[in-house]
Amino acid sequence: MLHIVNKSPYERNSLESCLRLASKGSAVLLIEDGVYGATKGGSFEGKVLAAMADVKVYALAPDLSARGMADRVLDGVSVVDYGGFVDLVAEHTNCQSWL
Amino acid sequence: MLHIVNKSPYERNSLESCLRLASKGSAVLLIEDGVYGATKGGSFEGKVLAAMADVKVYALAPDLSARGMADRVLDGVSVVDYGGFVDLVAEHTNCQSWL
Amino acid sequence: MKIGVLVNEGPYTHEASDSAYNFVKAAIEKGHEIYRVFFYHDGVNNSTRLTEPPRDDRNIVTRWSELAKAHNLDMVVCIAAAQRRGIMDENEAKRQGKDANNIAEGFRISGLGQLVEAGIQCDRLVTFGD
Amino acid sequence: MKIGVLVNEGPYTHEASDSAYNFVKAAIEKGHEIYRVFFYHDGVNNSTRLTEPPRDDRNIVTRWSELAKAHNLDMVVCIAAAQRRGIMDENEAKRQGKDANNIAEGFRISGLGQLVEAGIQCDRLVTFGD
Amino acid sequence: MSDEMDMEEGGVIKKFMFVNRKAPYGTIYALEGLEVVLISAAFEQDVSMAFIDDGVYELKKGQDTKELGQKNFSPTYRALEGYDIEKLYVERESMEARGLTEDDLLVDVIVMDRAELAAKLDEQDVLISF
Amino acid sequence: MSDEMDMEEGGVIKKFMFVNRKAPYGTIYALEGLEVVLISAAFEQDVSMAFIDDGVYELKKGQDTKELGQKNFSPTYRALEGYDIEKLYVERESMEARGLTEDDLLVDVIVMDRAELAAKLDEQDVLISF
């Protein structure tokens, strides 16, 4: 399953809820303001690193660049473009947007 | 100063930020989904109770009733109607909405 | 007391417009002067006369129009925000070469300066948003 | 693969419409079929032809219209959500007694069933919102 | 998800789940979400609803919107049974974090812990989130 | 706040603070907020901006929106000085929680801890929040 999160983990509870309810082996794609969850040095970093033992985390490149965060992506996060986003949707049997 | 918070503390960080930045003696008015912050039994209760040592907390009655929460307001929270909301605005020299 | 109100979200989707309306009504009942209601961001969407909500629901747009008429409210829609979102009055539609306009009665389109001016003139400015 | 897309927020205010547009373009480039783009909640506000964004900014509405034309996209606006928010086509305007309509080229107004049907017919349904 | 479809009477039956994460009245998502759920009943799909985070507040007993001036749509949750929509899953952790128990809810639900609900999410064909 | 006004050249000078709490691009609030700030400069008021929570992300160096297709408005923060808007307050706690330092910001700011900033909020006449 592909989980899509588009909000900053510092503003909303959506990434936290997503990680709580994502089964082992799921993929989590961070887009829009969600990409802040994929970056280094913040207080949410530990939760994402811990979650990466069970889920694969992706972040959308155009959203990282727009926010000036492309150079501080957490190790282990895969950066994808919109084409990669489409591939993730196609590769997983279903997807849930954590709005 | 009057602080106005309209979001659930379980969904967003606005009440938490408001309480962090409200000076001693300020008033905090909870409206819309913000009224959940004025209710008993949830995991945010402790933070609001602790804050009430320094700030006065109000909650809007029509928003509490709409959500079925009128009968579980925290002790020490003052419940006001829209007229009371207007009075709070008038009584304080300035106000900030934590959008 | 002279009070200004800023509405930042559109009708129905967020409670902001309801809260602002109820606040304005209560302030008038308490004898305060509502100096201006300024609609910014998606708040400009409160000013379209093309809404047709379900019959058992409130009509947010006409409710504002009627309140404005009854109490001579100055309801200002930000022109830049309105252009982004497709709110036009007759003049703007002509100027932009649009074949239709959609603004409701009681609203006027003007610049952001009207918001700052309200902040200067009013004793209080209260914001409703997301 | 057959993909359906749901857009829940209006233009400019939230990034949802941008993300959906970029996703749809990429999916088409990858050879997928976009079965339908369904606009719900404030998403219906993407379909008004009365927007006039600043010249140095993208035009979200016409961008959707052009993409639809180039790739024969089915872009459906939910009728109930549209009525609440003031989006009308010629038929709806007539039916509701409105003196104007504002729908842009390439969008059609229809029922919520079109969303459920897209969920049934598509291999994937992707939602963009707030 | 096409691999997992069942066929019946020549039609496709998919597992649809509507995921509710927003409180009522503050935004329209809960109400307009219900409208989709009701429509989906006409398509004879395998429909369920999940209530997570502030979505559990949608089911709180005793909602009274008279003073607020919005329509109280909470009785609709009780009507879902008549549409054969009976699988209402509530996440235990979300309920408990808000100090709510099953007795506080206006309709019978299936309470699940996060692991059970995560498994339910995984087995869906279509997830629509509000 | 009328008690605390200064008068100069016959006009009122009020303390206006624009409070920024939202990240850029995900929503339009930061951009449209800046538009108000720029307009306010024409009114010769005592204008300041506060950056709290995700608002500090607005000031992050190195924003590049080419791939996203939105306009990069971050250079505008550097232009504020030319409008005599020089009081940009950043909350230290918000910056640190996000792993940012002053070196990450594209413009000179005044970093304040929560208590200092709380005192600044208190002394304003008009607070407008995005």
# chains A, B, ... in the order shown; residues from 1 in each chain; ligands from 1
call {"tool": "closest_atom_pairs", "arguments": {"of": "chain F", "to": "chain D", "cutoff": "12 Å", "atoms": "only C-alpha atoms", "output": "Markdown table"}}
result
| residue | atom | partner | partner_atom | distance |
| --- | --- | --- | --- | --- |
| F:Lys22 | CA | D:His14 | CA | 11.7 |
| F:Ala23 | CA | D:His14 | CA | 11.4 |
| F:Pro24 | CA | D:Glu15 | CA | 9.9 |
| F:Tyr25 | CA | D:Glu15 | CA | 6.6 |
| F:Gly26 | CA | D:Glu15 | CA | 5.0 |
| F:Thr27 | CA | D:His14 | CA | 4.4 |
| F:Ile28 | CA | D:Thr13 | CA | 4.7 |
| F:Tyr29 | CA | D:Thr13 | CA | 7.3 |
| F:Ala30 | CA | D:Thr13 | CA | 10.2 |
| F:Leu31 | CA | D:Thr13 | CA | 9.8 |
| F:Glu32 | CA | D:Thr13 | CA | 9.3 |
| F:Gly33 | CA | D:Thr13 | CA | 11.9 |
| F:Thr65 | CA | D:Asp57 | CA | 11.8 |
| F:Lys66 | CA | D:Arg58 | CA | 11.7 |
| F:Glu67 | CA | D:Asn22 | CA | 9.7 |
| F:Leu68 | CA | D:Asp18 | CA | 8.1 |
| F:Gly69 | CA | D:Arg58 | CA | 7.3 |
| F:Gln70 | CA | D:Arg58 | CA | 6.8 |
| F:Lys71 | CA | D:Asp57 | CA | 6.1 |
| F:Asn72 | CA | D:Asp57 | CA | 9.8 |
| F:Phe73 | CA | D:Asp57 | CA | 10.6 |
call {"tool": "select_by_dssp", "arguments": {"residues": "segment 5-56 of chain B", "states": "helix (DSSP H, G or I)", "output": "ChimeraX atom specification"}}
result
/B:14-21,32-38,45-51
call {"tool": "write_last_selection", "arguments": {"atoms": "N, CA, C and O atoms", "output": "compact mmCIF listing (two decimals), in the first residue's frame"}}
result
# COMPACT_ATOMS: atom_id res chain seq x y z
N SER B 14 -1.82 24.60 16.59
CA SER B 14 -2.09 26.01 16.87
C SER B 14 -2.35 26.29 18.35
O SER B 14 -1.87 27.31 18.87
N LEU B 15 -3.07 25.43 19.05
CA LEU B 15 -3.31 25.68 20.47
C LEU B 15 -1.99 25.58 21.23
O LEU B 15 -1.70 26.41 22.11
N GLU B 16 -1.20 24.60 20.89
CA GLU B 16 0.10 24.43 21.56
C GLU B 16 0.97 25.69 21.36
O GLU B 16 1.58 26.19 22.29
N SER B 17 1.01 26.19 20.14
CA SER B 17 1.81 27.39 19.86
C SER B 17 1.24 28.60 20.59
O SER B 17 1.99 29.43 21.11
N CYS B 18 -0.06 28.69 20.60
CA CYS B 18 -0.71 29.80 21.30
C CYS B 18 -0.33 29.78 22.77
O CYS B 18 0.07 30.81 23.33
N LEU B 19 -0.42 28.63 23.39
CA LEU B 19 -0.11 28.54 24.83
C LEU B 19 1.37 28.83 25.09
O LEU B 19 1.74 29.40 26.11
N ARG B 20 2.21 28.46 24.12
CA ARG B 20 3.65 28.72 24.26
C ARG B 20 3.94 30.22 24.23
O ARG B 20 4.86 30.71 24.87
N LEU B 21 3.13 30.96 23.46
CA LEU B 21 3.43 32.37 23.23
C LEU B 21 2.44 33.33 23.89
O LEU B 21 2.46 34.54 23.62
N GLU B 32 -14.89 27.16 17.17
CA GLU B 32 -14.92 26.15 16.10
C GLU B 32 -14.33 24.83 16.61
O GLU B 32 -14.64 24.41 17.72
N ASP B 33 -13.48 24.16 15.81
CA ASP B 33 -12.90 22.89 16.27
C ASP B 33 -11.94 23.09 17.43
O ASP B 33 -11.52 22.12 18.08
N GLY B 34 -11.62 24.33 17.73
CA GLY B 34 -10.76 24.63 18.87
C GLY B 34 -11.38 24.24 20.20
O GLY B 34 -10.67 24.00 21.18
N VAL B 35 -12.72 24.16 20.24
CA VAL B 35 -13.39 23.87 21.53
C VAL B 35 -13.01 22.49 22.08
O VAL B 35 -13.12 22.26 23.29
N TYR B 36 -12.57 21.58 21.21
CA TYR B 36 -12.15 20.27 21.73
C TYR B 36 -11.02 20.43 22.75
O TYR B 36 -10.84 19.59 23.62
N GLY B 37 -10.27 21.51 22.63
CA GLY B 37 -9.19 21.76 23.58
C GLY B 37 -9.69 22.11 24.96
O GLY B 37 -8.93 22.09 25.93
N ALA B 38 -10.97 22.42 25.07
CA ALA B 38 -11.54 22.81 26.37
C ALA B 38 -12.27 21.66 27.04
O ALA B 38 -12.94 21.85 28.05
N GLU B 45 -5.69 17.37 27.71
CA GLU B 45 -6.24 17.99 28.92
C GLU B 45 -5.18 18.56 29.85
O GLU B 45 -5.30 19.69 30.34
N GLY B 46 -4.14 17.79 30.08
CA GLY B 46 -3.10 18.20 31.03
C GLY B 46 -2.45 19.52 30.64
O GLY B 46 -2.20 20.38 31.49
N LYS B 47 -2.19 19.68 29.34
CA LYS B 47 -1.54 20.91 28.88
C LYS B 47 -2.43 22.13 29.10
O LYS B 47 -1.95 23.21 29.45
N VAL B 48 -3.72 21.96 28.88
CA VAL B 48 -4.63 23.09 29.07
C VAL B 48 -4.76 23.41 30.55
O VAL B 48 -4.73 24.57 30.95
N LEU B 49 -4.90 22.37 31.36
CA LEU B 49 -5.00 22.60 32.81
C LEU B 49 -3.75 23.32 33.32
O LEU B 49 -3.85 24.26 34.12
N ALA B 50 -2.59 22.90 32.85
CA ALA B 50 -1.34 23.54 33.28
C ALA B 50 -1.31 25.00 32.83
O ALA B 50 -0.92 25.89 33.58
N ALA B 51 -1.76 25.24 31.61
CA ALA B 51 -1.74 26.61 31.08
C ALA B 51 -2.67 27.53 31.87
O ALA B 51 -2.43 28.74 31.96
call {"tool": "closest_residue", "arguments": {"among": "B:Ser8, B:Ser23, B:Ala70, B:Lys56", "to": "chain C", "atoms": "only C-alpha atoms"}}
result
B:Ser8
call {"tool": "residues_around", "arguments": {"residues": "segment 76-86 of chain F", "least_positions_apart": "5", "cutoff": "12 Å", "atoms": "only C-alpha atoms", "output": "PyMOL selection string"}}
result
chain F and resi 16-18+30-51+56+58-61+71+105-110
call {"tool": "residues_around", "arguments": {"residues": "segment 93-107 of chain D", "least_positions_apart": "5", "cutoff": "9 Å", "atoms": "only C-alpha atoms", "output": "MDAnalysis selection string"}}
result
(chainID C and resid 49:50 52 86 99:102) or (chainID D and resid 46:50 61:62 64:69 72:77 86:88)
call {"tool": "closest_atom_pairs", "arguments": {"of": "chain A", "to": "chain F", "cutoff": "12 Å", "atoms": "only C-alpha atoms", "output": "CSV"}}
result
residue,atom,partner,partner_atom,distance
A:Val5,CA,F:Gly26,CA,11.9
A:Asn6,CA,F:Gly26,CA,8.2
A:Lys7,CA,F:Gly26,CA,8.0
A:Ser8,CA,F:Asp54,CA,7.9
A:Pro9,CA,F:Asp54,CA,9.7
A:Tyr10,CA,F:Asp54,CA,7.0
A:Glu11,CA,F:Asp54,CA,7.0
A:Arg12,CA,F:Asp54,CA,10.6
A:Ile31,CA,F:Gly26,CA,9.2
A:Glu32,CA,F:Gly26,CA,5.4
A:Asp33,CA,F:Gly26,CA,5.3
A:Gly34,CA,F:Gly26,CA,8.7
A:Val35,CA,F:Gly26,CA,10.1
A:Tyr36,CA,F:Arg98,CA,8.6
A:Gly37,CA,F:Arg98,CA,9.7
A:Ala38,CA,F:Arg98,CA,11.4
A:Thr39,CA,F:Arg98,CA,8.9
A:Lys40,CA,F:Gly99,CA,7.0
A:Gly41,CA,F:Gly99,CA,4.2
A:Gly42,CA,F:Arg98,CA,4.0
A:Ser43,CA,F:Ala97,CA,5.2
A:Phe44,CA,F:Arg98,CA,8.0
A:Glu45,CA,F:Arg98,CA,9.1
A:Leu60,CA,F:Leu68,CA,10.0
A:Ala61,CA,F:Glu67,CA,8.4
A:Pro62,CA,F:Leu68,CA,5.1
A:Asp63,CA,F:Leu68,CA,6.5
A:Leu64,CA,F:Gln63,CA,8.7
A:Ser65,CA,F:Asp64,CA,5.3
A:Ala66,CA,F:Thr65,CA,4.2
A:Arg67,CA,F:Gln63,CA,5.0
A:Gly68,CA,F:Gln63,CA,4.0
A:Met69,CA,F:Gln63,CA,7.7
A:Ala70,CA,F:Gly62,CA,8.9
A:Asp71,CA,F:Gly62,CA,9.5
A:Arg72,CA,F:Gly99,CA,10.1
A:Asp81,CA,F:Glu67,CA,9.2
A:Tyr82,CA,F:Glu67,CA,9.7
call {"tool": "residues_around", "arguments": {"residues": "Ala80 of chain C", "least_positions_apart": "6", "cutoff": "9 Å", "atoms": "only C-alpha atoms", "output": "PDB file with N, CA, C and O atoms, in the first residue's frame"}}
result
ATOM      1  N   TYR C  40     -10.632  38.205   2.242  1.00  0.00           N
ATOM      2  CA  TYR C  40      -9.317  37.982   1.642  1.00  0.00           C
ATOM      3  C   TYR C  40      -9.102  36.477   1.430  1.00  0.00           C
ATOM      4  O   TYR C  40      -9.879  35.655   1.885  1.00  0.00           O
ATOM      5  N   SER C 110     -12.321  45.973  -4.001  1.00  0.00           N
ATOM      6  CA  SER C 110     -11.373  47.070  -3.839  1.00  0.00           C
ATOM      7  C   SER C 110     -10.010  46.510  -3.449  1.00  0.00           C
ATOM      8  O   SER C 110      -9.817  45.298  -3.422  1.00  0.00           O
ATOM      9  N   GLY C 111      -9.074  47.398  -3.167  1.00  0.00           N
ATOM     10  CA  GLY C 111      -7.696  46.965  -2.928  1.00  0.00           C
ATOM     11  C   GLY C 111      -7.424  46.547  -1.496  1.00  0.00           C
ATOM     12  O   GLY C 111      -8.219  46.797  -0.586  1.00  0.00           O
ATOM     13  N   LEU C 112      -6.287  45.931  -1.315  1.00  0.00           N
ATOM     14  CA  LEU C 112      -5.824  45.480  -0.006  1.00  0.00           C
ATOM     15  C   LEU C 112      -5.617  46.631   0.970  1.00  0.00           C
ATOM     16  O   LEU C 112      -5.622  46.429   2.182  1.00  0.00           O
TER      17      LEU C 112
ATOM     18  N   GLU D  52      -8.431  35.387 -13.198  1.00  0.00           N
ATOM     19  CA  GLU D  52      -7.486  36.225 -13.939  1.00  0.00           C
ATOM     20  C   GLU D  52      -6.250  36.426 -13.060  1.00  0.00           C
ATOM     21  O   GLU D  52      -6.046  37.495 -12.489  1.00  0.00           O
ATOM     22  N   PRO D  53      -5.421  35.379 -12.931  1.00  0.00           N
ATOM     23  CA  PRO D  53      -4.252  35.456 -12.045  1.00  0.00           C
ATOM     24  C   PRO D  53      -3.221  36.448 -12.569  1.00  0.00           C
ATOM     25  O   PRO D  53      -3.268  36.823 -13.744  1.00  0.00           O
ATOM     26  N   PRO D  54      -2.295  36.884 -11.714  1.00  0.00           N
ATOM     27  CA  PRO D  54      -1.227  37.789 -12.161  1.00  0.00           C
ATOM     28  C   PRO D  54      -0.506  37.208 -13.372  1.00  0.00           C
ATOM     29  O   PRO D  54      -0.367  35.981 -13.482  1.00  0.00           O
TER      30      PRO D  54
END
